[in-house]
Amino acid sequence: MQMLLGLALVLGLIVLASWALKRFGAGATSSVSAIKVLTAASVGPRERVVLVEISDTWLVLGVAPGRVSALHQLPRQALPAPEPAARGFGKWLADARRAQGGPR
């Protein structure tokens with residue numbers, strides 16, 4: 001009986017949490033947004049530099065725990081082509097084996 005009461009309590013908490021999330025709109029996202037994050041780069045364990053597009057303007061933001069700072073503002077432009085992916089260790093090892101005449 002104690003186990004069934006515990007199970008009922010846990011299931012009740014799950015239903016209550018689901019209702020609260022729906023009621024207060026947590027997790028609701030809009031498919032159309034005025035702000036778009038273009039790219040981000042980590043510059044420390046908890047710090048990032050983020051490129052954000054708002055209308056026809058790009059903002060470079062410094063983001064740290066509890067703080068967002070505008071670093072630069074520039075007009076919208078085309079993003080540069082992504083750099084080719086770095087060669088992985090597997091590719092390097094296969095090339096080294098091939099160069100020594102070993103199995104592929």
# chains A, B, ... in the order shown; residues from 1 in each chain; ligands from 1

$ closest_atom_pairs --of "range 5-57 of chain A" --to "range 62-81 of chain A" --cutoff "8 Å" --atoms "only C-alpha atoms" --output "Markdown table"
| residue | atom | partner | partner_atom | distance |
| --- | --- | --- | --- | --- |
| A:Arg46 | CA | A:Ala64 | CA | 6.1 |
| A:Glu47 | CA | A:Ala64 | CA | 4.6 |
| A:Arg48 | CA | A:Val63 | CA | 5.2 |
| A:Val49 | CA | A:Gly62 | CA | 4.7 |
| A:Val50 | CA | A:Gly62 | CA | 6.4 |
| A:Glu53 | CA | A:Arg76 | CA | 7.4 |
| A:Asp56 | CA | A:Arg76 | CA | 5.1 |
| A:Thr57 | CA | A:Pro75 | CA | 4.7 |

$ select_by_dssp --residues "chain A" --states "helix (DSSP H, G or I)" --output "PyMOL selection string"
chain A and resi 2-24+89-100

$ write_last_selection --atoms "N, CA and C atoms" --output "mmCIF file, in the first residue's frame"
data_model
loop_
_atom_site.group_PDB
_atom_site.id
_atom_site.type_symbol
_atom_site.label_atom_id
_atom_site.label_comp_id
_atom_site.auth_asym_id
_atom_site.auth_seq_id
_atom_site.Cartn_x
_atom_site.Cartn_y
_atom_site.Cartn_z
ATOM 1 N N GLN A 2 1.972 1.231 0.776
ATOM 2 C CA GLN A 2 2.875 2.375 0.847
ATOM 3 C C GLN A 2 3.512 2.639 -0.522
ATOM 4 N N MET A 3 3.855 1.562 -1.235
ATOM 5 C CA MET A 3 4.456 1.704 -2.548
ATOM 6 C C MET A 3 3.461 2.340 -3.526
ATOM 7 N N LEU A 4 2.208 1.945 -3.494
ATOM 8 C CA LEU A 4 1.197 2.509 -4.378
ATOM 9 C C LEU A 4 0.958 3.994 -4.084
ATOM 10 N N LEU A 5 0.971 4.366 -2.808
ATOM 11 C CA LEU A 5 0.825 5.780 -2.461
ATOM 12 C C LEU A 5 2.020 6.601 -2.957
ATOM 13 N N GLY A 6 3.204 6.054 -2.844
ATOM 14 C CA GLY A 6 4.402 6.731 -3.351
ATOM 15 C C GLY A 6 4.345 6.903 -4.855
ATOM 16 N N LEU A 7 3.907 5.863 -5.560
ATOM 17 C CA LEU A 7 3.771 5.936 -7.011
ATOM 18 C C LEU A 7 2.735 6.973 -7.403
ATOM 19 N N ALA A 8 1.605 7.003 -6.715
ATOM 20 C CA ALA A 8 0.561 7.987 -6.994
ATOM 21 C C ALA A 8 1.074 9.404 -6.754
ATOM 22 N N LEU A 9 1.868 9.588 -5.713
ATOM 23 C CA LEU A 9 2.446 10.905 -5.420
ATOM 24 C C LEU A 9 3.385 11.345 -6.539
ATOM 25 N N VAL A 10 4.252 10.459 -6.985
ATOM 26 C CA VAL A 10 5.202 10.793 -8.059
ATOM 27 C C VAL A 10 4.454 11.113 -9.351
ATOM 28 N N LEU A 11 3.459 10.306 -9.706
ATOM 29 C CA LEU A 11 2.679 10.573 -10.922
ATOM 30 C C LEU A 11 1.916 11.887 -10.806
ATOM 31 N N GLY A 12 1.401 12.177 -9.622
ATOM 32 C CA GLY A 12 0.720 13.452 -9.403
ATOM 33 C C GLY A 12 1.660 14.634 -9.575
ATOM 34 N N LEU A 13 2.887 14.515 -9.077
ATOM 35 C CA LEU A 13 3.876 15.586 -9.244
ATOM 36 C C LEU A 13 4.227 15.791 -10.708
ATOM 37 N N ILE A 14 4.312 14.708 -11.487
ATOM 38 C CA ILE A 14 4.605 14.820 -12.920
ATOM 39 C C ILE A 14 3.475 15.554 -13.631
ATOM 40 N N VAL A 15 2.227 15.200 -13.324
ATOM 41 C CA VAL A 15 1.080 15.872 -13.934
ATOM 42 C C VAL A 15 1.043 17.338 -13.534
ATOM 43 N N LEU A 16 1.303 17.645 -12.267
ATOM 44 C CA LEU A 16 1.323 19.025 -11.788
ATOM 45 C C LEU A 16 2.417 19.836 -12.479
ATOM 46 N N ALA A 17 3.607 19.258 -12.632
ATOM 47 C CA ALA A 17 4.705 19.961 -13.310
ATOM 48 C C ALA A 17 4.356 20.207 -14.770
ATOM 49 N N SER A 18 3.744 19.251 -15.432
ATOM 50 C CA SER A 18 3.339 19.415 -16.828
ATOM 51 C C SER A 18 2.320 20.541 -16.959
ATOM 52 N N TRP A 19 1.354 20.577 -16.063
ATOM 53 C CA TRP A 19 0.347 21.630 -16.091
ATOM 54 C C TRP A 19 0.997 22.998 -15.871
ATOM 55 N N ALA A 20 1.917 23.089 -14.914
ATOM 56 C CA ALA A 20 2.576 24.358 -14.609
ATOM 57 C C ALA A 20 3.399 24.848 -15.795
ATOM 58 N N LEU A 21 4.088 23.942 -16.496
ATOM 59 C CA LEU A 21 4.872 24.346 -17.662
ATOM 60 C C LEU A 21 3.977 24.873 -18.774
ATOM 61 N N LYS A 22 2.841 24.218 -18.995
ATOM 62 C CA LYS A 22 1.911 24.696 -20.021
ATOM 63 C C LYS A 22 1.287 26.027 -19.611
ATOM 64 N N ARG A 23 0.958 26.155 -18.358
ATOM 65 C CA ARG A 23 0.282 27.356 -17.858
ATOM 66 C C ARG A 23 1.169 28.585 -17.946
ATOM 67 N N PHE A 24 2.417 28.443 -17.598
ATOM 68 C CA PHE A 24 3.318 29.586 -17.557
ATOM 69 C C PHE A 24 4.176 29.712 -18.805
ATOM 70 N N PHE A 89 41.827 12.376 -36.493
ATOM 71 C CA PHE A 89 42.910 11.456 -36.195
ATOM 72 C C PHE A 89 42.842 10.214 -37.063
ATOM 73 N N GLY A 90 41.620 9.723 -37.325
ATOM 74 C CA GLY A 90 41.461 8.527 -38.161
ATOM 75 C C GLY A 90 42.018 8.726 -39.556
ATOM 76 N N LYS A 91 41.760 9.898 -40.138
ATOM 77 C CA LYS A 91 42.281 10.209 -41.474
ATOM 78 C C LYS A 91 43.802 10.312 -41.432
ATOM 79 N N TRP A 92 44.317 10.958 -40.403
ATOM 80 C CA TRP A 92 45.760 11.099 -40.273
ATOM 81 C C TRP A 92 46.422 9.727 -40.142
ATOM 82 N N LEU A 93 45.841 8.834 -39.327
ATOM 83 C CA LEU A 93 46.398 7.505 -39.128
ATOM 84 C C LEU A 93 46.377 6.693 -40.425
ATOM 85 N N ALA A 94 45.272 6.775 -41.164
ATOM 86 C CA ALA A 94 45.195 6.051 -42.442
ATOM 87 C C ALA A 94 46.252 6.555 -43.416
ATOM 88 N N ASP A 95 46.460 7.859 -43.465
ATOM 89 C CA ASP A 95 47.493 8.416 -44.345
ATOM 90 C C ASP A 95 48.889 7.964 -43.919
ATOM 91 N N ALA A 96 49.145 7.921 -42.611
ATOM 92 C CA ALA A 96 50.457 7.499 -42.113
ATOM 93 C C ALA A 96 50.710 6.034 -42.443
ATOM 94 N N ARG A 97 49.686 5.190 -42.293
ATOM 95 C CA ARG A 97 49.844 3.777 -42.624
ATOM 96 C C ARG A 97 50.075 3.575 -44.107
ATOM 97 N N ARG A 98 49.346 4.327 -44.915
ATOM 98 C CA ARG A 98 49.503 4.243 -46.365
ATOM 99 C C ARG A 98 50.918 4.656 -46.773
ATOM 100 N N ALA A 99 51.445 5.705 -46.129
ATOM 101 C CA ALA A 99 52.776 6.187 -46.456
ATOM 102 C C ALA A 99 53.850 5.159 -46.100
ATOM 103 N N GLN A 100 53.598 4.339 -45.058
ATOM 104 C CA GLN A 100 54.563 3.315 -44.647
ATOM 105 C C GLN A 100 54.342 2.003 -45.390
#

$ select_by_dssp --residues "chain A" --states "strand (DSSP E)" --output "ChimeraX atom specification"
/A:35-42,48-54,57-64,67-75
